[in-house]
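Enquirer: One file: protein.csv (CSV, C-alpha atoms).
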chain,number,residue,atom,x,y,z
A,1258,MET,CA,16.3,31.5,12.2
A,1259,ILE,CA,14.7,31.7,15.6
A,1260,LEU,CA,14.8,35.1,17.3
A,1261,ILE,CA,14.4,35.1,21.0
A,1262,LEU,CA,13.5,38.5,22.5
A,1263,GLY,CA,14.7,37.9,26.0
A,1264,SER,CA,16.8,39.3,28.8
A,1265,SER,CA,20.5,39.4,29.2
A,1266,GLY,CA,20.5,37.7,32.6
A,1267,PHE,CA,19.2,34.4,33.8
A,1268,GLU,CA,15.5,33.9,33.2
A,1269,GLN,CA,14.0,30.7,34.5
A,1270,GLY,CA,11.7,30.1,31.6
A,1271,THR,CA,14.1,31.1,28.8
A,1272,ASP,CA,17.3,29.4,29.7
A,1273,PRO,CA,16.1,25.8,29.8
A,1274,VAL,CA,14.7,26.2,26.3
A,1275,ILE,CA,18.0,27.6,25.1
A,1276,ASP,CA,19.7,24.5,26.5
A,1277,TRP,CA,17.6,22.4,24.1
A,1278,LEU,CA,18.2,24.8,21.2
A,1279,LEU,CA,21.9,24.4,21.8
A,1280,HIS,CA,21.5,20.7,22.0
A,1281,TYR,CA,19.7,20.5,18.7
A,1282,LYS,CA,22.2,22.9,17.2
A,1283,ALA,CA,19.3,25.2,16.2
A,1284,ASP,CA,19.8,28.4,14.3
A,1285,PHE,CA,18.9,31.1,16.9
A,1286,ILE,CA,20.0,34.3,18.5
A,1287,LYS,CA,18.8,36.1,21.6
A,1288,LEU,CA,18.2,39.8,21.4
A,1289,THR,CA,18.0,41.9,24.5
A,1290,VAL,CA,17.2,45.5,25.5
A,1291,GLU,CA,20.9,45.9,26.4
A,1292,ASP,CA,21.7,45.1,22.7
A,1293,ILE,CA,19.6,48.0,21.6
A,1294,ILE,CA,21.1,50.3,24.2
A,1295,ASN,CA,24.6,49.3,23.3
A,1296,GLY,CA,24.0,50.1,19.7
A,1297,HIS,CA,24.1,46.5,18.3
A,1298,LEU,CA,20.8,47.0,16.4
A,1299,ARG,CA,20.6,49.1,13.3
A,1300,ILE,CA,17.4,49.7,11.4
A,1301,ASP,CA,17.1,50.8,7.8
A,1302,LEU,CA,13.5,51.8,7.1
A,1303,GLN,CA,14.1,52.1,3.3
A,1304,GLN,CA,15.3,48.5,3.2
A,1305,LYS,CA,12.6,47.5,5.7
A,1306,GLU,CA,15.4,45.7,7.5
A,1307,ALA,CA,16.9,45.5,11.0
A,1308,PHE,CA,20.5,44.4,11.4
A,1309,PHE,CA,21.7,42.9,14.6
A,1310,LYS,CA,25.5,42.8,14.4
A,1311,ASP,CA,25.1,42.6,10.6
A,1312,ILE,CA,22.6,39.8,10.7
A,1313,PRO,CA,19.5,40.9,8.7
A,1314,LEU,CA,16.7,40.0,11.1
A,1315,VAL,CA,13.7,40.4,8.8
A,1316,GLU,CA,15.4,38.3,6.1
A,1317,LYS,CA,16.6,35.6,8.4
A,1318,THR,CA,13.9,35.2,11.0
A,1319,SER,CA,11.0,32.8,10.7
A,1320,ILE,CA,9.8,32.6,14.2
A,1321,ILE,CA,10.1,35.0,17.2
A,1322,TRP,CA,9.8,33.9,20.8
A,1323,TYR,CA,9.0,36.8,23.1
A,1324,ARG,CA,10.2,36.4,26.6
A,1325,HIS,CA,10.3,39.3,29.1
A,1326,PHE,CA,12.2,41.4,26.6
A,1327,LEU,CA,11.0,44.8,27.8
A,1328,ASN,CA,11.2,44.0,31.5
A,1329,SER,CA,14.8,45.0,31.9
A,1330,LEU,CA,14.1,48.4,30.4
A,1331,ALA,CA,12.8,49.5,33.8
A,1332,ARG,CA,16.3,48.9,35.2
A,1333,PHE,CA,18.0,51.0,32.5
A,1334,LYS,CA,19.5,54.2,33.8
A,1335,VAL,CA,21.9,56.8,32.6
A,1336,SER,CA,23.6,58.6,35.4
A,1337,VAL,CA,23.4,62.4,35.1
A,1338,LYS,CA,23.5,65.0,37.8
A,1339,ARG,CA,20.4,67.0,36.7
A,1340,PHE,CA,17.0,66.0,35.3
A,1341,SER,CA,17.8,62.3,35.8
A,1342,ALA,CA,14.3,61.0,36.2
A,1343,GLN,CA,12.9,62.8,33.2
A,1344,LEU,CA,15.9,62.0,31.0
A,1345,ASN,CA,15.7,58.3,31.8
A,1346,GLU,CA,12.0,58.2,31.2
A,1347,ASP,CA,12.5,59.8,27.8
A,1348,LEU,CA,15.4,57.4,26.9
A,1349,ARG,CA,13.3,54.3,27.9
A,1350,ALA,CA,10.5,55.6,25.7
A,1351,GLU,CA,13.1,55.9,22.8
A,1352,VAL,CA,14.2,52.3,23.3
A,1353,LYS,CA,10.6,51.2,23.4
A,1354,GLY,CA,10.1,53.0,20.1
A,1355,VAL,CA,13.0,51.1,18.6
A,1356,PHE,CA,11.4,47.9,19.7
A,1357,GLU,CA,8.0,48.8,18.3
A,1358,VAL,CA,9.5,49.5,14.9
A,1359,LEU,CA,11.4,46.2,15.0
A,1360,ALA,CA,8.2,44.4,15.9
A,1361,TYR,CA,6.4,46.1,13.0
A,1362,LEU,CA,9.1,45.0,10.5
A,1363,LEU,CA,8.8,41.5,11.9
A,1364,LYS,CA,5.0,41.5,11.9
A,1365,ASP,CA,4.6,38.8,9.3
A,1366,LYS,CA,6.6,36.2,11.1
A,1367,THR,CA,5.3,33.7,13.5
A,1368,TRP,CA,5.3,35.0,17.1
A,1369,VAL,CA,5.2,33.0,20.2
A,1370,PRO,CA,3.2,33.6,22.4
A,1371,GLY,CA,1.6,36.0,20.0
A,1372,HIS,CA,1.9,39.3,18.3
A,1373,LEU,CA,2.5,42.4,20.4
A,1374,PRO,CA,-1.0,43.2,21.6
A,1375,SER,CA,-1.6,39.6,22.8
A,1376,ILE,CA,1.7,39.4,24.8
A,1377,GLN,CA,0.2,41.3,27.7
A,1378,PRO,CA,-3.6,41.1,27.2
A,1379,ASN,CA,-6.0,42.9,29.5
A,1380,LYS,CA,-7.1,40.4,32.2
A,1381,LEU,CA,-10.7,41.6,32.1
A,1382,GLU,CA,-10.9,41.5,28.3
A,1383,VAL,CA,-9.6,38.0,28.4
A,1384,LEU,CA,-12.3,37.0,31.0
A,1385,LEU,CA,-15.0,38.3,28.7
A,1386,LYS,CA,-13.5,36.4,25.7
A,1387,ALA,CA,-13.2,33.3,27.9
A,1388,GLU,CA,-16.9,33.5,28.7
A,1389,ILE,CA,-17.7,33.9,25.0
A,1390,ALA,CA,-15.5,30.9,24.2
A,1391,GLY,CA,-17.7,28.8,26.6
A,1392,LEU,CA,-15.5,28.8,29.8
A,1393,LYS,CA,-16.9,29.6,33.2
A,1394,VAL,CA,-15.4,32.6,34.9
A,1395,PRO,CA,-15.7,34.1,38.4
A,1396,GLN,CA,-18.0,37.2,38.9
A,1397,THR,CA,-15.7,40.2,38.6
A,1398,HIS,CA,-16.0,43.9,39.7
A,1399,ILE,CA,-13.7,46.9,39.7
A,1400,THR,CA,-14.5,49.4,42.4
A,1401,SER,CA,-13.0,51.9,44.7
A,1402,SER,CA,-15.8,51.9,47.2
A,1403,ARG,CA,-15.7,49.9,50.4
A,1404,GLU,CA,-19.5,49.7,50.6
A,1405,GLU,CA,-19.7,48.2,47.1
A,1406,ALA,CA,-16.9,45.7,48.0
A,1407,ILE,CA,-18.8,44.6,51.1
A,1408,ALA,CA,-22.1,44.2,49.1
A,1409,PHE,CA,-20.2,42.2,46.5
A,1410,CYS,CA,-18.7,40.0,49.2
A,1411,GLN,CA,-22.1,39.4,50.8
A,1412,LYS,CA,-23.5,38.2,47.5
A,1413,SER,CA,-20.6,35.9,46.7
A,1414,GLN,CA,-21.2,32.2,47.1
A,1415,TYR,CA,-18.7,31.7,49.9
A,1416,ALA,CA,-19.1,35.2,51.4
A,1417,THR,CA,-15.5,35.8,50.4
A,1418,ILE,CA,-13.9,37.7,47.6
A,1419,THR,CA,-10.4,38.1,46.3
A,1420,THR,CA,-8.4,41.0,45.0
A,1421,LYS,CA,-5.4,40.9,42.6
A,1422,GLN,CA,-3.7,43.4,40.3
A,1423,ILE,CA,-5.5,44.3,37.1
A,1424,SER,CA,-2.4,44.5,35.0
A,1425,ASP,CA,0.7,42.4,35.3
A,1426,GLU,CA,2.7,45.0,33.5
A,1427,GLY,CA,3.3,47.0,36.6
A,1428,ARG,CA,3.7,44.0,38.9
A,1429,ASN,CA,7.0,44.2,40.5
A,1430,TYR,CA,9.0,43.6,43.6
A,1431,TYR,CA,9.5,46.3,46.2
A,1432,GLN,CA,13.0,45.7,47.5
A,1433,GLU,CA,14.4,46.7,50.8
A,1434,GLY,CA,17.5,45.1,52.2
A,1435,GLU,CA,17.4,41.4,52.0
A,1436,TYR,CA,13.6,41.4,51.6
A,1437,ALA,CA,11.3,41.8,48.6
A,1438,TYR,CA,7.6,42.8,49.0
A,1439,TYR,CA,5.1,41.8,46.4
A,1440,THR,CA,1.4,41.2,45.8
A,1441,LEU,CA,-0.4,37.9,45.1
A,1442,THR,CA,-4.1,37.2,45.0
A,1443,LYS,CA,-5.5,38.0,48.5
A,1444,LYS,CA,-8.7,36.6,50.0
A,1445,LEU,CA,-10.9,39.2,51.7
A,1446,SER,CA,-13.7,38.6,54.2
A,1447,GLU,CA,-16.4,41.0,55.1
A,1448,LYS,CA,-14.6,41.6,58.4
A,1449,GLU,CA,-11.4,42.6,56.6
A,1450,LEU,CA,-13.3,44.8,54.2
A,1451,LYS,CA,-15.0,46.6,57.1
A,1452,ALA,CA,-11.6,47.5,58.5
A,1453,ILE,CA,-10.4,49.4,55.4
A,1454,GLU,CA,-11.0,53.0,54.4
A,1455,ASN,CA,-14.2,54.1,52.8
A,1456,SER,CA,-12.5,54.5,49.4
A,1457,PHE,CA,-9.4,53.2,47.9
A,1458,PHE,CA,-7.6,53.1,44.5
A,1459,PRO,CA,-9.7,51.3,41.9
A,1460,SER,CA,-9.2,47.6,42.6
A,1461,LEU,CA,-10.1,44.3,40.9
A,1462,LEU,CA,-12.4,42.1,43.0
A,1463,GLN,CA,-13.6,38.6,42.2
A,1464,GLU,CA,-15.9,36.2,43.9
A,1465,TYR,CA,-13.8,33.5,45.7
A,1466,ILE,CA,-14.2,30.1,44.2
A,1467,TYR,CA,-13.5,27.5,46.9
A,1468,PRO,CA,-11.1,25.1,45.2
A,1469,ASP,CA,-11.3,21.4,45.2
A,1470,TYR,CA,-7.9,21.9,43.5
A,1471,GLU,CA,-6.3,24.2,41.0
A,1472,ILE,CA,-5.1,23.3,37.6
A,1473,ARG,CA,-2.3,24.9,35.7
A,1474,THR,CA,-2.4,24.2,32.0
A,1475,PHE,CA,0.4,25.0,29.6
A,1476,TYR,CA,-0.9,25.6,26.1
A,1477,LEU,CA,1.4,25.3,23.1
A,1478,ASP,CA,0.1,25.5,19.5
A,1479,GLY,CA,-3.2,23.7,20.3
A,1480,LYS,CA,-1.8,21.1,22.7
A,1481,THR,CA,-2.5,21.3,26.4
A,1482,TYR,CA,-0.4,20.0,29.3
A,1483,SER,CA,-2.3,20.2,32.6
A,1484,THR,CA,-1.2,19.8,36.2
A,1485,ALA,CA,-3.5,19.5,39.1
A,1486,ILE,CA,-2.2,21.2,42.2
A,1487,VAL,CA,-3.7,19.3,45.1
A,1488,ASN,CA,-3.4,20.4,48.7
A,1489,ASN,CA,-5.0,18.4,51.4
A,1490,LYS,CA,-5.0,21.3,53.9
A,1491,THR,CA,-8.4,22.1,55.4
A,1492,SER,CA,-8.1,25.8,55.1
A,1493,ALA,CA,-8.4,27.1,51.6
A,1494,TYR,CA,-5.8,29.4,50.1
A,1495,ALA,CA,-6.1,32.3,47.7
A,1496,ASP,CA,-3.1,32.0,45.6
A,1497,ARG,CA,-1.4,28.7,44.8
A,1498,LYS,CA,2.0,30.3,44.9
A,1499,LEU,CA,1.5,30.3,48.6
A,1500,ILE,CA,1.3,26.5,48.8
A,1501,ASN,CA,3.7,25.5,46.0
A,1502,GLU,CA,6.5,24.6,48.5
A,1503,GLU,CA,4.4,22.8,51.1
A,1504,ARG,CA,4.7,19.1,51.8
A,1505,THR,CA,1.0,18.8,51.6
A,1506,THR,CA,0.9,20.1,48.0
A,1507,HIS,CA,1.1,17.6,45.2
A,1508,PHE,CA,1.5,18.2,41.5
A,1509,ILE,CA,-0.3,15.6,39.4
A,1510,PRO,CA,-0.5,15.2,35.6
A,1511,TYR,CA,-4.1,16.0,34.8
A,1512,GLN,CA,-6.6,15.5,32.0
A,1513,LEU,CA,-9.0,18.4,31.6
A,1514,PRO,CA,-12.5,17.5,30.3
A,1515,GLU,CA,-12.5,17.6,26.4
A,1516,SER,CA,-15.1,20.4,26.5
A,1517,VAL,CA,-12.8,22.6,28.6
A,1518,ILE,CA,-9.8,21.9,26.3
A,1519,GLU,CA,-11.9,22.7,23.3
A,1520,ASN,CA,-13.1,26.0,24.8
A,1521,THR,CA,-9.6,26.9,25.8
A,1522,ARG,CA,-8.4,26.2,22.3
A,1523,ARG,CA,-11.1,28.4,20.9
A,1524,LEU,CA,-10.1,31.2,23.3
A,1525,MET,CA,-6.4,31.0,22.5
A,1526,GLU,CA,-7.0,30.9,18.8
A,1527,GLY,CA,-9.4,33.8,19.0
A,1528,MET,CA,-6.8,35.9,20.8
A,1529,GLY,CA,-4.1,34.9,18.4
A,1530,MET,CA,-2.0,33.2,21.2
A,1531,THR,CA,0.2,30.3,20.4
A,1532,ALA,CA,1.3,29.7,24.0
A,1533,GLY,CA,0.5,30.5,27.6
A,1534,GLY,CA,0.1,29.4,31.1
A,1535,ILE,CA,-3.6,29.1,32.0
A,1536,ASP,CA,-5.0,28.9,35.5
A,1537,PHE,CA,-8.2,27.1,36.3
A,1538,ILE,CA,-10.0,26.2,39.6
A,1539,ARG,CA,-12.1,23.1,39.9
A,1540,ASP,CA,-14.6,23.9,42.6
A,1541,GLN,CA,-16.2,21.4,44.9
A,1542,LYS,CA,-19.2,21.0,42.7
A,1543,GLY,CA,-16.9,19.8,39.9
A,1544,ASP,CA,-17.2,23.0,37.8
A,1545,TYR,CA,-14.1,24.4,36.0
A,1546,TYR,CA,-13.5,28.1,36.4
A,1547,PHE,CA,-11.1,29.9,34.0
A,1548,LEU,CA,-9.0,32.5,36.0
A,1549,GLU,CA,-6.5,34.0,33.7
A,1550,VAL,CA,-3.9,33.3,31.0
A,1551,ASN,CA,-0.3,34.4,31.3
A,1552,PRO,CA,1.3,34.3,27.8
A,1553,ILE,CA,4.8,34.6,29.2
A,1554,GLY,CA,4.0,32.4,32.3
A,1555,GLN,CA,6.4,30.2,34.0
A,1556,TYR,CA,6.0,26.5,33.4
A,1557,LEU,CA,9.1,24.8,34.8
A,1558,LEU,CA,7.7,23.8,38.2
A,1559,GLU,CA,4.8,21.8,36.6
A,1560,SER,CA,7.0,20.5,33.8
A,1561,ARG,CA,9.4,19.0,36.3
A,1562,HIS,CA,6.8,17.5,38.6
A,1563,CYS,CA,4.8,15.9,35.8
A,1564,ASN,CA,7.7,15.0,33.5
A,1565,TYR,CA,6.3,17.1,30.7
A,1566,TYR,CA,9.7,18.4,29.5
A,1567,LEU,CA,7.9,21.5,28.3
A,1568,GLU,CA,11.2,23.3,27.8
A,1569,LYS,CA,12.0,20.6,25.2
A,1570,GLU,CA,8.6,20.8,23.7
A,1571,ILE,CA,8.9,24.6,23.3
A,1572,ALA,CA,12.4,24.2,21.7
A,1573,ALA,CA,11.1,21.5,19.3
A,1574,TYR,CA,8.1,23.7,18.4
A,1575,LEU,CA,10.4,26.7,17.6
A,1576,ILE,CA,12.7,24.6,15.5
A,1577,GLY,CA,9.8,22.9,13.8
A,1578,VAL,CA,8.4,26.2,12.6
A,1579,ASP,CA,11.8,27.5,11.7
A,1580,THR,CA,13.0,24.4,9.7
A,1581,LYS,CA,9.7,22.7,8.9
A,1582,ARG,CA,11.2,19.6,10.4
A,1583,GLU,CA,10.0,17.6,13.4
A,1584,VAL,CA,12.4,17.3,16.3
A,1585,GLY,CA,12.0,15.4,19.5
A,1586,GLN,CA,12.5,11.9,20.7
A,1587,LYS,CA,11.9,10.3,17.4
A,1588,THR,CA,14.0,12.5,15.2
A,1589,VAL,CA,17.3,13.7,16.4
A,1590,ILE,CA,19.2,16.4,14.5
A,1591,VAL,CA,22.9,15.6,14.3
B,289,MET,CA,4.8,29.0,52.9
B,290,GLU,CA,2.8,31.0,55.5
B,291,ALA,CA,1.6,34.3,54.1
B,292,ASP,CA,3.6,37.0,55.7
B,293,TYR,CA,1.7,40.2,55.1
B,294,HIS,CA,3.2,43.6,55.8
B,295,ASP,CA,2.1,47.3,55.7
B,296,ILE,CA,4.9,48.9,53.8
B,297,PHE,CA,3.1,52.1,53.0
B,298,GLU,CA,2.2,54.9,55.4
B,299,ALA,CA,-1.3,54.7,57.0
B,300,GLU,CA,-2.3,58.1,55.6
B,301,ASN,CA,-1.7,56.8,52.0
B,302,LYS,CA,-3.9,53.8,52.3
B,303,SER,CA,-6.9,55.4,50.5
B,304,ASP,CA,-4.6,56.1,47.5
B,305,LEU,CA,-3.6,52.5,47.1
B,306,PRO,CA,-5.4,49.5,45.5
B,307,LEU,CA,-6.5,46.8,47.9
B,308,THR,CA,-3.6,44.5,46.7
B,309,HIS,CA,-1.1,47.0,48.1
B,310,HIS,CA,-2.8,47.0,51.6
B,311,PHE,CA,-1.5,43.4,51.9
B,312,MET,CA,2.1,43.2,50.7
B,313,LEU,CA,3.8,39.8,51.1
B,314,ARG,CA,7.3,39.8,52.4
B,315,ARG,CA,9.9,37.2,51.4
B,316,LEU,CA,13.6,36.9,51.5
B,317,LYS,CA,15.0,37.9,48.0
B,318,VAL,CA,17.1,34.7,47.9
B,319,LYS,CA,13.9,32.7,48.1
B,320,LEU,CA,12.4,34.2,45.0
B,321,ALA,CA,13.4,32.5,41.8
B,322,GLU,CA,12.8,35.7,39.7
B,323,MET,CA,15.5,37.4,41.8
B,324,ARG,CA,18.2,34.8,41.5
B,325,ILE,CA,20.5,36.7,39.2
B,326,LYS,CA,23.7,34.9,39.9
B,327,ASP,CA,25.3,31.4,39.4
B,328,ARG,CA,27.0,32.2,36.2
B,329,PHE,CA,27.4,28.9,34.3
B,330,SER,CA,28.7,29.7,30.9
B,331,ARG,CA,29.1,32.4,28.3
B,332,SER,CA,27.9,32.1,24.7
B,333,ALA,CA,29.3,34.6,22.4
B,334,LYS,CA,27.9,32.6,19.5
B,335,HIS,CA,24.4,33.2,20.6
B,336,GLN,CA,24.7,36.9,21.1
B,337,SER,CA,24.0,36.8,24.8
B,338,LYS,CA,26.0,39.2,26.9
B,339,ALA,CA,26.0,37.0,29.9
B,340,TYR,CA,24.3,33.7,29.3
B,341,LEU,CA,23.4,32.4,32.7
B,342,GLN,CA,22.3,28.9,33.7
B,343,LYS,CA,20.9,28.1,37.1
B,344,ASN,CA,19.5,24.6,36.7
B,345,ASN,CA,21.9,21.8,36.6
B,346,HIS,CA,19.7,19.3,34.8
B,347,LYS,CA,21.4,19.8,31.5
B,348,PRO,CA,25.0,21.1,31.7
B,349,ILE,CA,26.4,22.9,28.7
B,350,THR,CA,29.9,22.4,27.4
B,351,GLY,CA,31.7,23.5,24.4
B,352,ILE,CA,29.3,26.1,23.2
B,353,THR,CA,31.5,29.2,23.2
B,354,GLU,CA,33.5,30.0,20.1
Could you show the structure in this file as structure tokens?
Expert:
Amino acid sequence: MILILGSSGFEQGTDPVIDWLLHYKADFIKLTVEDIINGHLRIDLQQKEAFFKDIPLVEKTSIIWYRHFLNSLARFKVSVKRFSAQLNEDLRAEVKGVFEVLAYLLKDKTWVPGHLPSIQPNKLEVLLKAEIAGLKVPQTHITSSREEAIAFCQKSQYATITTKQISDEGRNYYQEGEYAYYTLTKKLSEKELKAIENSFFPSLLQEYIYPDYEIRTFYLDGKTYSTAIVNNKTSAYADRKLINEERTTHFIPYQLPESVIENTRRLMEGMGMTAGGIDFIRDQKGDYYFLEVNPIGQYLLESRHCNYYLEKEIAAYLIGVDTKREVGQKTVIV
Amino acid sequence: MEADYHDIFEAENKSDLPLTHHFMLRRLKVKLAEMRIKDRFSRSAKHQSKAYLQKNNHKPITGITE
């Protein structure tokens, strides 16, 4: 059985795969945080078993697909008149504890994108590992000093740096009325840095790599599916999410050099990751820079533009591991 | 999309914030795919989902509920 650790509402990367699992009549269930909160999960430590509506998960499950399971925990709230903040923090910790023991009981199963520690890897640790795997990475600093940031900017090859969040765990939307506020990678010039305070909260800074184009690679069990995101604007951008919807942006199926694919494979296998969305920049000299890997990254945009049908590939992979049978265009399960 | 940066925190708190939070992007919630939590398409009791939702219309689902 395939166990999807997902969310109870719509999730753009989960639902299209579920479509294919339904189409193939795959044996799967989706477990959500709400299922735990509503008491549908029962754990018997003596039996080393977790029951979801009487389905023994340890016995039945062969592969687990983790997809934003814990995200909805932040929205969980019990309404009480007193001590609400502390109570809800405690209850969320309890739910997380239940999830951790469930993950422990299922530790010997195949996990996609990987076992718990690799689901949200530390960005900087990944950069170090990418370099060891043979990939080129941008110069990276963490600092809270304006002077250090300016010095770093002056030394950078395009006299520009970028800043982005160190952890994606806390990355969220700040909602007010009909608007949401959020952060993406931001380019910073020396002029902008001179306008900020002397010190700030510790921030991640990277040298800016002037892109010829960006490449988004979806990695699944050793296979890579790459998309070049080409924009013929003259002014360079800092985050490709800013240009995704522009008419001048084109998504093109792309073949990474074999050496980059090989190094990527080495990195992913070294980290125990079976899947992930990987961002590269190809600079104007033709060098490929590894930026980051998002194990639970979105893939549908590139999949649609390049006809990769990644949602079908993911479903086929999950079923393949579960049933030891190949599914796809050649073999159709009836 | 033109980057629409806003200061959403008070000026006196700037030194307590990481640089990312000095430049917050603003967008209408309806334009953000992650925030589209509507368009109920079907329910699937069989697959233990409290509210199975489907936004994309590329593969309609029929006959999946028990």
Enquirer: Within 6 Å of chain B, which residues of chain A show up? Give each one with its shortest atom-to-atom distance in Å (one decimal) and the two atoms involved, counting all atoms listed in the file, rows by chain then rising residue number, as CSV.
Expert:
residue,atom,partner,partner_atom,distance
A:Ser1265,CA,B:Lys338,CA,6.0
A:Phe1267,CA,B:Leu341,CA,4.8
A:Ile1286,CA,B:His335,CA,5.0
A:Lys1287,CA,B:Gln336,CA,6.0
A:Lys1421,CA,B:Thr308,CA,5.7
A:Glu1435,CA,B:Lys317,CA,5.8
A:Tyr1436,CA,B:Leu316,CA,4.5
A:Ala1437,CA,B:Lys317,CA,5.4
A:Tyr1438,CA,B:Arg314,CA,4.5
A:Tyr1439,CA,B:Leu313,CA,5.3
A:Thr1440,CA,B:Met312,CA,5.3
A:Ser1456,CA,B:Ser303,CA,5.8
A:Phe1457,CA,B:Ser303,CA,4.2
A:Phe1458,CA,B:Pro306,CA,4.3
A:Pro1459,CA,B:Pro306,CA,5.9
A:Ser1460,CA,B:Pro306,CA,5.1
A:Leu1499,CA,B:Met289,CA,5.6
A:Ile1500,CA,B:Met289,CA,5.9
Enquirer: Which is closer to A:Leu1477 than all the others in A:Tyr1574, A:Phe1537, A:Tyr1323, A:Phe1308, using all atoms listed in the file?
Expert: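 Among the listed residues, A:Tyr1574 lies closest to A:Leu1477.
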Enquirer: Show which residues sit within 10 Å of A:Asp1540, as a PyMOL selection string. Count only C-alpha atoms, and ignore same-chain residues fewer than 4 positions away.
Expert: chain A and resi 1466-1471+1544-1546
Enquirer: Residues within 6 Å of A:Thr1419, please, as number ranges by chain. Count only C-alpha atoms; anything in the same chain fewer than 4 positions from it doesn't count.
Expert: A: 1443-1445, 1462-1463, 1465
Enquirer: What is the atom CA of A:Pro1370-atom CA of A:Ala1387 distance in Å, reported with one decimal?
Expert: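 Distance reported for this atom pair: 17.3 Å.
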Enquirer: What is the atom CA of A:Asn1328 to atom CA of A:Asp1347 distance in Å?
Expert: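 Atom CA of A:Asp1347 lies at a distance of 16.3 Å from atom CA of A:Asn1328.
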Enquirer: For the atom pair atom CA of A:Glu1447 and atom CA of A:Glu1405, what is the interatomic distance in Å to one decimal place?
Expert: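 So the two atoms, atom CA of A:Glu1447 and atom CA of A:Glu1405, lie 11.3 Å apart.
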Enquirer: Using all atoms listed in the file for the distances, tell me which of A:Val1550, A:Ile1389, A:Leu1262, A:Cys1410 is nearest to A:Trp1368.
Expert: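 Going through A:Val1550, A:Ile1389, A:Leu1262, A:Cys1410 one by one, the smallest distance to A:Trp1368 is for A:Leu1262.
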